[in-house]
file protein02.cif (mmCIF, C-alpha atoms)
data_target
loop_
_atom_site.group_PDB
_atom_site.id
_atom_site.type_symbol
_atom_site.label_atom_id
_atom_site.label_comp_id
_atom_site.auth_asym_id
_atom_site.auth_seq_id
_atom_site.Cartn_x
_atom_site.Cartn_y
_atom_site.Cartn_z
ATOM 1 C CA MET A 1 0.000 0.000 0.000
ATOM 2 C CA ASP A 2 1.345 3.421 -0.985
ATOM 3 C CA LEU A 3 1.870 5.315 2.273
ATOM 4 C CA GLU A 4 1.901 8.681 0.496
ATOM 5 C CA ALA A 5 -1.563 7.894 -0.842
ATOM 6 C CA VAL A 6 -2.665 6.897 2.669
ATOM 7 C CA ARG A 7 -1.236 10.147 4.052
ATOM 8 C CA THR A 8 -3.060 12.103 1.338
ATOM 9 C CA PHE A 9 -6.309 10.314 2.171
ATOM 10 C CA ALA A 10 -5.954 11.217 5.864
ATOM 11 C CA LEU A 11 -5.319 14.879 5.011
ATOM 12 C CA VAL A 12 -8.341 15.060 2.686
ATOM 13 C CA ALA A 13 -10.488 13.395 5.349
ATOM 14 C CA GLY A 14 -9.365 15.940 7.912
ATOM 15 C CA ALA A 15 -9.721 18.972 5.666
ATOM 16 C CA GLY A 16 -12.881 17.880 3.868
ATOM 17 C CA GLN A 17 -11.439 19.310 0.634
ATOM 18 C CA PHE A 18 -9.054 18.071 -2.038
ATOM 19 C CA GLN A 19 -7.741 21.612 -2.579
ATOM 20 C CA LYS A 20 -6.824 22.146 1.095
ATOM 21 C CA ALA A 21 -4.939 18.823 1.143
ATOM 22 C CA ALA A 22 -3.101 19.838 -2.038
ATOM 23 C CA VAL A 23 -1.934 23.063 -0.385
ATOM 24 C CA ASP A 24 -0.772 21.198 2.718
ATOM 25 C CA LEU A 25 1.187 18.720 0.586
ATOM 26 C CA SER A 26 2.521 21.363 -1.839
ATOM 27 C CA ILE A 27 1.170 19.433 -4.836
ATOM 28 C CA THR A 28 -1.630 20.068 -7.315
ATOM 29 C CA GLN A 29 -5.246 19.170 -6.724
ATOM 30 C CA GLN A 30 -4.995 16.837 -9.725
ATOM 31 C CA ALA A 31 -2.132 14.975 -8.049
ATOM 32 C CA VAL A 32 -4.260 14.591 -4.909
ATOM 33 C CA SER A 33 -7.106 13.170 -6.999
ATOM 34 C CA LYS A 34 -4.752 10.700 -8.676
ATOM 35 C CA ARG A 35 -3.411 9.472 -5.315
ATOM 36 C CA ILE A 36 -6.902 8.965 -3.928
ATOM 37 C CA ALA A 37 -8.025 7.167 -7.100
ATOM 38 C CA ALA A 38 -5.009 4.841 -6.927
ATOM 39 C CA LEU A 39 -5.707 4.088 -3.258
ATOM 40 C CA GLU A 40 -9.348 3.333 -4.045
ATOM 41 C CA ARG A 41 -8.229 0.911 -6.766
ATOM 42 C CA ASP A 42 -5.867 -0.821 -4.326
ATOM 43 C CA LEU A 43 -8.615 -1.149 -1.725
ATOM 44 C CA GLY A 44 -11.435 -1.930 -4.147
ATOM 45 C CA ALA A 45 -13.611 0.612 -2.357
ATOM 46 C CA ARG A 46 -14.779 4.179 -2.841
ATOM 47 C CA LEU A 47 -13.489 6.442 -0.054
ATOM 48 C CA PHE A 48 -15.023 9.863 -0.807
ATOM 49 C CA SER A 49 -18.219 11.329 -2.219
ATOM 50 C CA ARG A 50 -17.973 14.709 -3.943
ATOM 51 C CA THR A 51 -20.465 17.289 -2.643
ATOM 52 C CA PRO A 52 -20.911 21.043 -3.161
ATOM 53 C CA ARG A 53 -19.172 21.546 0.202
ATOM 54 C CA GLY A 54 -16.141 19.402 -0.687
ATOM 55 C CA ALA A 55 -15.355 15.734 -0.084
ATOM 56 C CA GLU A 56 -17.230 13.565 2.380
ATOM 57 C CA LEU A 57 -16.152 10.150 3.551
ATOM 58 C CA THR A 58 -18.194 7.199 2.370
ATOM 59 C CA ILE A 59 -19.024 4.394 4.790
ATOM 60 C CA ASP A 60 -15.941 2.567 3.541
ATOM 61 C CA GLY A 61 -13.883 5.729 3.963
ATOM 62 C CA GLN A 62 -15.078 6.098 7.559
ATOM 63 C CA ALA A 63 -14.155 2.467 8.241
ATOM 64 C CA PHE A 64 -10.686 2.883 6.700
ATOM 65 C CA LEU A 65 -9.763 6.207 8.349
ATOM 66 C CA PRO A 66 -8.686 4.962 11.823
ATOM 67 C CA HIS A 67 -6.608 2.220 10.209
ATOM 68 C CA ALA A 68 -5.013 4.730 7.854
ATOM 69 C CA ARG A 69 -4.026 6.926 10.781
ATOM 70 C CA GLU A 70 -2.563 3.946 12.623
ATOM 71 C CA LEU A 71 -0.578 2.966 9.513
ATOM 72 C CA LEU A 72 0.899 6.462 9.413
ATOM 73 C CA ARG A 73 1.756 6.403 13.130
ATOM 74 C CA VAL A 74 3.540 3.064 12.703
ATOM 75 C CA ALA A 75 5.424 4.365 9.668
ATOM 76 C CA ASP A 76 6.516 7.479 11.564
ATOM 77 C CA ARG A 77 7.732 5.373 14.514
ATOM 78 C CA ALA A 78 9.629 3.070 12.157
ATOM 79 C CA LEU A 79 11.346 6.055 10.542
ATOM 80 C CA ALA A 80 12.201 7.623 13.891
ATOM 81 C CA SER A 81 13.753 4.358 15.115
ATOM 82 C CA VAL A 82 16.633 4.644 12.628
ATOM 83 C CA GLN A 83 17.158 8.398 12.533
ATOM 84 C CA PRO A 84 19.597 9.748 15.163
ATOM 85 C CA GLY A 85 18.056 12.585 17.094
ATOM 86 C CA ARG A 86 14.540 11.303 16.447
ATOM 87 C CA ARG A 87 14.947 7.973 18.214
ATOM 88 C CA PRO A 88 15.896 7.337 21.854
ATOM 89 C CA LEU A 89 19.515 7.044 22.931
ATOM 90 C CA ARG A 90 19.983 3.303 23.528
ATOM 91 C CA VAL A 91 22.396 2.394 26.329
ATOM 92 C CA ASP A 92 23.285 -1.084 27.615
ATOM 93 C CA VAL A 93 23.944 -1.643 31.333
ATOM 94 C CA LEU A 94 24.826 -4.862 33.146
ATOM 95 C CA SER A 95 21.980 -4.831 35.659
ATOM 96 C CA SER A 96 19.101 -2.654 36.779
ATOM 97 C CA ARG A 97 20.569 -2.366 40.303
ATOM 98 C CA GLY A 98 24.213 -1.849 39.396
ATOM 99 C CA ALA A 99 26.455 1.186 39.323
ATOM 100 C CA THR A 100 26.057 1.838 35.600
ATOM 101 C CA ALA A 101 22.270 1.843 35.905
ATOM 102 C CA GLY A 102 22.760 4.438 38.638
ATOM 103 C CA LEU A 103 24.885 6.511 36.269
ATOM 104 C CA MET A 104 22.086 6.419 33.706
ATOM 105 C CA ARG A 105 19.501 7.415 36.319
ATOM 106 C CA GLY A 106 21.684 10.408 37.147
ATOM 107 C CA PHE A 107 22.013 11.245 33.457
ATOM 108 C CA HIS A 108 18.243 11.076 32.985
ATOM 109 C CA ALA A 109 17.667 13.345 35.987
ATOM 110 C CA ALA A 110 20.195 15.866 34.648
ATOM 111 C CA HIS A 111 18.944 15.670 31.035
ATOM 112 C CA PRO A 112 15.221 14.832 31.043
ATOM 113 C CA GLU A 113 14.989 16.221 27.513
ATOM 114 C CA VAL A 114 16.952 13.217 26.164
ATOM 115 C CA ASP A 115 14.699 10.334 25.137
ATOM 116 C CA LEU A 116 16.379 7.265 26.626
ATOM 117 C CA ASP A 117 16.155 3.474 26.302
ATOM 118 C CA VAL A 118 18.140 1.346 28.782
ATOM 119 C CA LEU A 119 18.820 -2.288 27.889
ATOM 120 C CA MET A 120 20.625 -5.239 29.504
ATOM 121 C CA LEU A 121 22.431 -7.435 26.965
ATOM 122 C CA PHE A 122 24.605 -9.376 29.467
ATOM 123 C CA ASP A 123 27.125 -10.740 26.932
ATOM 124 C CA MET A 124 29.993 -8.434 25.920
ATOM 125 C CA ASP A 125 30.395 -9.866 22.417
ATOM 126 C CA ARG A 126 26.712 -9.287 21.782
ATOM 127 C CA ALA A 127 26.959 -5.742 23.121
ATOM 128 C CA VAL A 128 29.940 -4.890 20.903
ATOM 129 C CA GLU A 129 28.181 -6.312 17.863
ATOM 130 C CA ALA A 130 25.100 -4.246 18.745
ATOM 131 C CA LEU A 131 27.306 -1.138 18.872
ATOM 132 C CA ARG A 132 28.750 -1.890 15.460
ATOM 133 C CA SER A 133 25.343 -2.593 13.896
ATOM 134 C CA GLY A 134 23.751 0.526 15.391
ATOM 135 C CA ALA A 135 21.286 -1.467 17.508
ATOM 136 C CA ILE A 136 22.598 0.368 20.597
ATOM 137 C CA ASP A 137 24.542 3.614 21.009
ATOM 138 C CA ALA A 138 26.655 2.829 24.070
ATOM 139 C CA THR A 139 27.438 0.089 26.569
ATOM 140 C CA PHE A 140 29.206 -0.059 29.933
ATOM 141 C CA ARG A 141 31.859 -2.783 30.138
ATOM 142 C CA ALA A 142 35.197 -3.664 31.740
ATOM 143 C CA VAL A 143 37.615 -3.802 28.829
ATOM 144 C CA GLY A 144 41.216 -4.759 28.170
ATOM 145 C CA MET A 145 41.123 -8.496 28.972
ATOM 146 C CA PRO A 146 43.922 -10.469 27.310
ATOM 147 C CA GLY A 147 42.774 -12.012 24.060
ATOM 148 C CA ARG A 148 39.670 -9.800 23.881
ATOM 149 C CA PRO A 149 40.718 -6.677 21.955
ATOM 150 C CA LEU A 150 38.032 -4.219 20.910
ATOM 151 C CA PRO A 151 37.436 -3.668 17.193
ATOM 152 C CA GLU A 152 39.197 -0.590 15.841
ATOM 153 C CA ASP A 153 35.872 1.162 15.195
ATOM 154 C CA VAL A 154 34.771 0.879 18.849
ATOM 155 C CA VAL A 155 35.855 3.613 21.279
ATOM 156 C CA SER A 156 36.271 3.035 25.011
ATOM 157 C CA VAL A 157 36.865 5.415 27.900
ATOM 158 C CA ARG A 158 37.125 4.458 31.563
ATOM 159 C CA VAL A 159 34.472 6.413 33.419
ATOM 160 C CA LEU A 160 33.986 4.890 36.873
ATOM 161 C CA ASP A 161 35.944 2.808 39.383
ATOM 162 C CA GLU A 162 33.514 1.118 41.761
ATOM 163 C CA PRO A 163 34.943 0.014 45.135
ATOM 164 C CA LEU A 164 34.072 -3.497 46.266
ATOM 165 C CA GLN A 165 32.684 -4.021 49.739
ATOM 166 C CA LEU A 166 32.481 -7.238 51.701
ATOM 167 C CA MET A 167 28.932 -8.217 52.617
ATOM 168 C CA THR A 168 28.418 -10.594 55.539
ATOM 169 C CA GLY A 169 25.621 -11.826 57.722
ATOM 170 C CA PRO A 170 25.453 -10.838 61.409
ATOM 171 C CA ALA A 171 27.127 -14.074 62.606
ATOM 172 C CA HIS A 172 30.116 -13.957 60.244
ATOM 173 C CA ALA A 173 33.576 -13.785 61.843
ATOM 174 C CA LEU A 174 34.242 -10.412 60.197
ATOM 175 C CA ALA A 175 30.797 -8.892 60.779
ATOM 176 C CA GLY A 176 32.064 -6.494 63.433
ATOM 177 C CA ALA A 177 35.051 -5.178 61.479
ATOM 178 C CA ARG A 178 35.115 -1.503 60.457
ATOM 179 C CA SER A 179 37.257 -2.435 57.437
ATOM 180 C CA VAL A 180 39.022 -5.524 56.174
ATOM 181 C CA THR A 181 42.185 -5.980 54.129
ATOM 182 C CA LEU A 182 42.490 -8.329 51.199
ATOM 183 C CA ALA A 183 45.075 -10.302 53.185
ATOM 184 C CA GLU A 184 42.532 -10.813 55.992
ATOM 185 C CA LEU A 185 40.074 -12.304 53.510
ATOM 186 C CA VAL A 186 42.382 -15.204 52.640
ATOM 187 C CA GLY A 187 40.809 -18.410 53.930
ATOM 188 C CA HIS A 188 37.270 -17.007 54.031
ATOM 189 C CA ARG A 189 34.611 -18.306 51.612
ATOM 190 C CA ILE A 190 33.386 -15.570 49.278
ATOM 191 C CA TRP A 191 30.342 -16.806 47.383
ATOM 192 C CA MET A 192 29.474 -15.184 44.037
ATOM 193 C CA PRO A 193 27.130 -17.405 42.009
ATOM 194 C CA GLY A 194 26.616 -14.688 39.383
ATOM 195 C CA ILE A 195 30.118 -15.072 37.907
ATOM 196 C CA ALA A 196 29.640 -16.447 34.385
ATOM 197 C CA PRO A 197 32.665 -18.000 32.638
ATOM 198 C CA GLY A 198 33.995 -15.969 29.734
ATOM 199 C CA THR A 199 32.584 -12.657 30.953
ATOM 200 C CA GLU A 200 34.600 -9.580 31.775
ATOM 201 C CA TRP A 201 33.651 -9.782 35.443
ATOM 202 C CA ALA A 202 34.866 -13.407 35.547
ATOM 203 C CA ALA A 203 38.220 -12.189 34.172
ATOM 204 C CA TYR A 204 38.289 -9.474 36.849
ATOM 205 C CA TYR A 205 37.746 -11.909 39.727
ATOM 206 C CA ASP A 206 40.217 -14.412 38.246
ATOM 207 C CA GLU A 207 42.887 -11.701 38.489
ATOM 208 C CA LEU A 208 41.825 -10.824 42.044
ATOM 209 C CA VAL A 209 42.100 -14.474 43.113
ATOM 210 C CA ALA A 210 45.450 -14.953 41.361
ATOM 211 C CA GLU A 211 47.043 -11.879 42.942
ATOM 212 C CA PHE A 212 45.712 -12.116 46.504
ATOM 213 C CA GLY A 213 44.892 -15.813 46.964
ATOM 214 C CA LEU A 214 41.227 -15.300 47.794
ATOM 215 C CA GLY A 215 38.713 -18.117 47.893
ATOM 216 C CA ILE A 216 35.942 -16.987 45.560
ATOM 217 C CA GLU A 217 33.291 -19.610 44.806
ATOM 218 C CA ALA A 218 30.857 -19.416 41.902
ATOM 219 C CA THR A 219 29.182 -22.767 42.576
ATOM 220 C CA GLY A 220 25.451 -23.348 42.453
ATOM 221 C CA PRO A 221 22.685 -21.789 40.379
ATOM 222 C CA ASN A 222 22.258 -18.027 40.347
ATOM 223 C CA PHE A 223 18.783 -17.314 41.709
ATOM 224 C CA GLY A 224 19.342 -13.575 41.744
ATOM 225 C CA ALA A 225 20.212 -10.910 44.280
ATOM 226 C CA ASP A 226 17.412 -11.655 46.738
ATOM 227 C CA ALA A 227 18.418 -15.305 47.085
ATOM 228 C CA LEU A 228 22.078 -14.313 47.460
ATOM 229 C CA LEU A 229 21.240 -11.901 50.285
ATOM 230 C CA ASP A 230 19.070 -14.507 52.020
ATOM 231 C CA THR A 231 21.865 -17.087 51.926
ATOM 232 C CA VAL A 232 24.603 -14.733 53.123
ATOM 233 C CA ALA A 233 22.387 -13.493 55.960
ATOM 234 C CA ASP A 234 21.676 -17.047 57.154
ATOM 235 C CA THR A 235 25.114 -18.643 56.604
ATOM 236 C CA PRO A 236 27.902 -17.519 58.984
ATOM 237 C CA ALA A 237 30.627 -19.114 56.822
ATOM 238 C CA LEU A 238 29.736 -17.205 53.651
ATOM 239 C CA ALA A 239 30.390 -13.643 52.515
ATOM 240 C CA THR A 240 30.118 -11.959 49.136
ATOM 241 C CA PHE A 241 31.424 -8.917 47.322
ATOM 242 C CA MET A 242 29.050 -6.065 46.527
ATOM 243 C CA GLY A 243 29.771 -2.931 44.536
ATOM 244 C CA GLU A 244 29.621 0.220 46.648
ATOM 245 C CA TYR A 245 27.270 1.949 44.198
ATOM 246 C CA ALA A 246 24.830 -0.962 43.792
ATOM 247 C CA ARG A 247 21.288 -0.176 44.901
ATOM 248 C CA ILE A 248 20.541 -3.184 47.109
ATOM 249 C CA VAL A 249 17.768 -3.285 49.719
ATOM 250 C CA TRP A 250 17.219 -6.165 52.135
ATOM 251 C CA PRO A 251 14.802 -6.901 54.999
ATOM 252 C CA ALA A 252 15.797 -5.346 58.301
ATOM 253 C CA GLY A 253 15.869 -8.758 59.955
ATOM 254 C CA HIS A 254 18.732 -9.919 57.738
ATOM 255 C CA GLY A 255 21.249 -7.858 59.722
ATOM 256 C CA LEU A 256 23.636 -7.724 56.771
ATOM 257 C CA ARG A 257 26.918 -5.797 57.057
ATOM 258 C CA LEU A 258 28.780 -3.900 54.329
ATOM 259 C CA ILE A 259 32.477 -3.611 55.166
ATOM 260 C CA PRO A 260 35.016 -1.541 53.175
ATOM 261 C CA VAL A 261 37.920 -3.523 51.729
ATOM 262 C CA VAL A 262 41.302 -1.765 51.994
ATOM 263 C CA ASP A 263 45.065 -2.054 51.506
ATOM 264 C CA PRO A 264 44.518 -2.004 48.553
ATOM 265 C CA ALA A 265 40.867 -1.315 47.831
ATOM 266 C CA PRO A 266 39.747 -3.442 44.849
ATOM 267 C CA VAL A 267 37.698 -1.403 42.404
ATOM 268 C CA TYR A 268 35.792 -2.556 39.352
ATOM 269 C CA PRO A 269 36.644 -0.437 36.287
ATOM 270 C CA HIS A 270 33.580 0.532 34.251
ATOM 271 C CA SER A 271 34.246 1.877 30.743
ATOM 272 C CA LEU A 272 31.814 3.439 28.318
ATOM 273 C CA LEU A 273 31.992 2.018 24.791
ATOM 274 C CA TRP A 274 30.524 3.454 21.583
ATOM 275 C CA HIS A 275 31.036 3.217 17.833
ATOM 276 C CA ARG A 276 33.444 5.745 16.394
ATOM 277 C CA ASP A 277 30.945 6.903 13.730
ATOM 278 C CA ASN A 278 27.807 6.914 15.860
ATOM 279 C CA PRO A 279 25.953 10.138 14.942
ATOM 280 C CA HIS A 280 23.372 10.274 17.744
ATOM 281 C CA PRO A 281 23.517 13.842 19.132
ATOM 282 C CA ALA A 282 22.711 12.715 22.693
ATOM 283 C CA LEU A 283 25.787 10.458 22.818
ATOM 284 C CA ALA A 284 28.047 13.505 23.190
ATOM 285 C CA VAL A 285 25.755 14.793 25.952
ATOM 286 C CA LEU A 286 26.106 11.478 27.802
ATOM 287 C CA ARG A 287 29.890 11.480 27.472
ATOM 288 C CA GLU A 288 30.151 15.038 28.776
ATOM 289 C CA HIS A 289 27.841 14.195 31.685
ATOM 290 C CA LEU A 290 29.916 11.153 32.686
ATOM 291 C CA ALA A 291 33.147 13.133 32.470
ATOM 292 C CA THR A 292 31.904 15.509 35.169
ATOM 293 C CA ALA A 293 29.346 13.531 37.193
ATOM 294 C CA ALA A 294 31.029 10.162 37.752
ATOM 295 C CA PRO A 295 33.631 9.807 40.540
ATOM 296 C CA ALA A 296 37.091 10.002 38.997
ATOM 297 C CA PRO A 297 38.715 6.569 38.530
ATOM 298 C CA GLY A 298 42.289 5.705 39.296
ATOM 299 C CA ALA A 299 42.544 6.878 42.928
ATOM 300 C CA ALA A 300 45.649 6.015 44.959
ATOM 301 C CA GLY A 301 45.483 2.909 47.140
ATOM 302 C CA THR A 302 43.180 1.024 44.807
ATOM 303 C CA TRP A 303 43.629 -2.157 42.785
ATOM 304 C CA THR A 304 42.475 -3.012 39.294
ATOM 305 C CA PRO A 305 43.617 -5.842 36.992
ATOM 306 C CA PRO A 306 46.842 -5.135 35.103
ATOM 307 C CA TRP A 307 44.923 -5.033 31.825
ATOM 308 C CA THR A 308 42.672 -2.161 32.959
ATOM 309 C CA PRO A 309 42.894 0.721 30.450
ATOM 310 C CA PRO A 310 43.751 4.302 31.464
ATOM 311 C CA ARG A 311 41.034 6.883 31.797
ATOM 312 C CA THR A 312 41.831 8.594 28.478
ATOM 313 C CA PRO A 313 39.953 7.271 25.408
ATOM 314 C CA ARG A 314 41.683 4.614 23.350
ATOM 315 C CA VAL A 315 40.366 6.278 20.176
ATOM 316 C CA ASP A 316 38.764 9.683 19.747
#
call {"tool": "encode", "arguments": {"input": "protein02.cif", "output": "structure tokens"}}
result
Amino acid sequence: MDLEAVRTFALVAGAGQFQKAAVDLSITQQAVSKRIAALERDLGARLFSRTPRGAELTIDGQAFLPHARELLRVADRALASVQPGRRPLRVDVLSSRGATAGLMRGFHAAHPEVDLDVLMLFDMDRAVEALRSGAIDATFRAVGMPGRPLPEDVVSVRVLDEPLQLMTGPAHALAGARSVTLAELVGHRIWMPGIAPGTEWAAYYDELVAEFGLGIEATGPNFGADALLDTVADTPALATFMGEYARIVWPAGHGLRLIPVVDPAPVYPHSLLWHRDNPHPALAVLREHLATAAPAPGAAGTWTPPWTPPRTPRVD
């Protein structure tokens, strides 16, 4: 079906005159008549009756009008979805409760004029491919892992170092500590069932274990944050790591403790990634916001894996 003919039909129906629709479309009245005639042939129905006052919808025209308007709305949405500046800025975050989701909430509060879609793709390879295809505009990832170079057309900049905290239940041996060193954690069971092999956060914790000799366990199914909190609260022998900027709420009866880890403080390095040629105007707004709003990474006394990139962009 010719959408220009459908658009012409909707304008004639609204104006009640072929001439008024012609003016609105900047075409001749004859061209309007030809479009309507072609649409009527496609539909096999007469849409207008000519009267001294103009053009009136027939019964078939009245039946077709709401569908015509819906067709035009769908077409406009389809067009907007692929035109930068007319479609939302699409940003991938790892979880709805994590630090990067918090960064995007802050961005939305500071720039409510930016239409925003937030997605969770989980897999880094899928996220990078989505960047390159234009399916998303940006993603937050830890980058630099050995054997996992970014494509040359993907830009990365380190935007946030998130300190890890130890979370324990009230009966854990370290529950009363005001802080704990990495050396003091050796021999304690740190349970993290959300670590998926092959992911960037698995590579991060592999480095942490290798350098400090920690006992991090990823055994058992991952039933989500609520189940993790329940288990840690009820099991004196277990603790877990939690990002300082994660938005986690638990029942008051759990008595969970969040204890800073120091000497050095392990931090998780979040980088923003985008395609070099991405033209979305709001992407520059997001980058500028993160450069000023996110806590500066790379503080003294912190630890990141040796492959962690510097804060400056790899490509500009």
call {"tool": "closest_residue", "arguments": {"input": "protein02.cif", "among": "A:Glu4, A:Asp277, A:Glu162, A:Asp117", "to": "Gly98 (chain A)", "atoms": "only C-alpha atoms"}}
result
A:Glu162
call {"tool": "closest_residue", "arguments": {"input": "protein02.cif", "among": "A:Phe48, A:Phe18, A:Phe122, A:Phe9", "to": "Ala68 (chain A)", "atoms": "all atoms listed in the file"}}
result
A:Phe9
call {"tool": "residues_around", "arguments": {"input": "protein02.cif", "residues": "Ala142 (chain A)", "least_positions_apart": "2", "cutoff": "8 Å", "atoms": "only C-alpha atoms", "output": "list in words"}}
result
Phe140, Gly144, Glu200, Trp201, Tyr268, Pro269, His270, Ser271 and Thr308 of chain A
call {"tool": "atom_distance", "arguments": {"input": "protein02.cif", "atom1": "CA of His108 (chain A)", "atom2": "CA of Pro151 (chain A)"}}
result
28.9 Å
call {"tool": "closest_residue", "arguments": {"input": "protein02.cif", "among": "A:Gly243, A:Val249, A:Ala183, A:Asn222", "to": "Asp263 (chain A)", "atoms": "only C-alpha atoms"}}
result
A:Ala183
call {"tool": "atom_distance", "arguments": {"input": "protein02.cif", "atom1": "CA of Asp125 (chain A)", "atom2": "CA of Asp226 (chain A)"}}
result
27.6 Å
call {"tool": "residues_near_point", "arguments": {"input": "protein02.cif", "point": "(20.5, -14.8, 49.8)", "cutoff": "12 Å", "atoms": "only C-alpha atoms", "output": "PyMOL selection string"}}
result
chain A and resi 167-169+191-193+221-235+238-240+248-251+254+256
call {"tool": "resolve_selection", "arguments": {"input": "protein02.cif", "expression": "the PyMOL selection byres ((chain A and resi 188) around 8)", "output": "CSV table (one decimal) with C-alpha atoms, in the coordinates of the input"}}
result
chain,number,residue,atom,x,y,z
A,185,LEU,CA,40.1,-12.3,53.5
A,186,VAL,CA,42.4,-15.2,52.6
A,187,GLY,CA,40.8,-18.4,53.9
A,189,ARG,CA,34.6,-18.3,51.6
A,190,ILE,CA,33.4,-15.6,49.3
A,214,LEU,CA,41.2,-15.3,47.8
A,215,GLY,CA,38.7,-18.1,47.9
A,237,ALA,CA,30.6,-19.1,56.8
A,238,LEU,CA,29.7,-17.2,53.7
A,239,ALA,CA,30.4,-13.6,52.5
call {"tool": "closest_residue", "arguments": {"input": "protein02.cif", "among": "A:Ala171, A:Gly16, A:Ala138, A:Arg87", "to": "Pro52 (chain A)", "atoms": "all atoms listed in the file"}}
result
A:Gly16
call {"tool": "closest_residue", "arguments": {"input": "protein02.cif", "among": "A:Ala110, A:Val155, A:Leu103, A:Leu119", "to": "Leu89 (chain A)", "atoms": "all atoms listed in the file"}}
result
A:Leu119
call {"tool": "residues_around", "arguments": {"input": "protein02.cif", "residues": "Glu40 (chain A)", "least_positions_apart": "5", "cutoff": "10 Å", "atoms": "all atoms listed in the file", "output": "list in words"}}
result
Ala5, Phe9, Lys34, Arg35, Ala45, Arg46, Leu47, Phe48 and Gly61 of chain A
call {"tool": "build_atoms", "arguments": {"input": "protein02.cif", "residues": "region 235-240 of chain A", "atoms": "all heavy atoms", "output": "mmCIF file, in the coordinates of the input"}}
result
data_model
loop_
_atom_site.group_PDB
_atom_site.id
_atom_site.type_symbol
_atom_site.label_atom_id
_atom_site.label_comp_id
_atom_site.auth_asym_id
_atom_site.auth_seq_id
_atom_site.Cartn_x
_atom_site.Cartn_y
_atom_site.Cartn_z
ATOM 1 N N THR A 235 23.986 -17.702 56.613
ATOM 2 C CA THR A 235 25.114 -18.643 56.604
ATOM 3 C C THR A 235 26.364 -17.952 57.142
ATOM 4 O O THR A 235 27.010 -17.170 56.427
ATOM 5 C CB THR A 235 25.374 -19.159 55.167
ATOM 6 O OG1 THR A 235 24.146 -19.595 54.590
ATOM 7 C CG2 THR A 235 26.375 -20.301 55.180
ATOM 8 N N PRO A 236 26.758 -18.221 58.383
ATOM 9 C CA PRO A 236 27.902 -17.519 58.984
ATOM 10 C C PRO A 236 29.214 -17.720 58.221
ATOM 11 O O PRO A 236 30.106 -16.876 58.309
ATOM 12 C CB PRO A 236 27.982 -18.129 60.384
ATOM 13 C CG PRO A 236 26.592 -18.597 60.669
ATOM 14 C CD PRO A 236 26.055 -19.076 59.353
ATOM 15 N N ALA A 237 29.357 -18.824 57.488
ATOM 16 C CA ALA A 237 30.627 -19.114 56.822
ATOM 17 C C ALA A 237 30.775 -18.414 55.476
ATOM 18 O O ALA A 237 31.862 -18.433 54.895
ATOM 19 C CB ALA A 237 30.774 -20.626 56.618
ATOM 20 N N LEU A 238 29.703 -17.795 54.985
ATOM 21 C CA LEU A 238 29.736 -17.205 53.651
ATOM 22 C C LEU A 238 29.738 -15.676 53.710
ATOM 23 O O LEU A 238 29.095 -15.069 54.574
ATOM 24 C CB LEU A 238 28.532 -17.662 52.820
ATOM 25 C CG LEU A 238 28.490 -19.113 52.364
ATOM 26 C CD1 LEU A 238 27.251 -19.344 51.507
ATOM 27 C CD2 LEU A 238 29.743 -19.486 51.589
ATOM 28 N N ALA A 239 30.447 -15.084 52.765
ATOM 29 C CA ALA A 239 30.390 -13.643 52.515
ATOM 30 C C ALA A 239 30.330 -13.459 51.005
ATOM 31 O O ALA A 239 30.487 -14.415 50.237
ATOM 32 C CB ALA A 239 31.604 -12.930 53.098
ATOM 33 N N THR A 240 30.110 -12.246 50.566
ATOM 34 C CA THR A 240 30.118 -11.959 49.136
ATOM 35 C C THR A 240 30.660 -10.556 48.922
ATOM 36 O O THR A 240 30.748 -9.761 49.866
ATOM 37 C CB THR A 240 28.705 -12.105 48.527
ATOM 38 O OG1 THR A 240 28.796 -12.089 47.101
ATOM 39 C CG2 THR A 240 27.781 -10.978 48.976
#
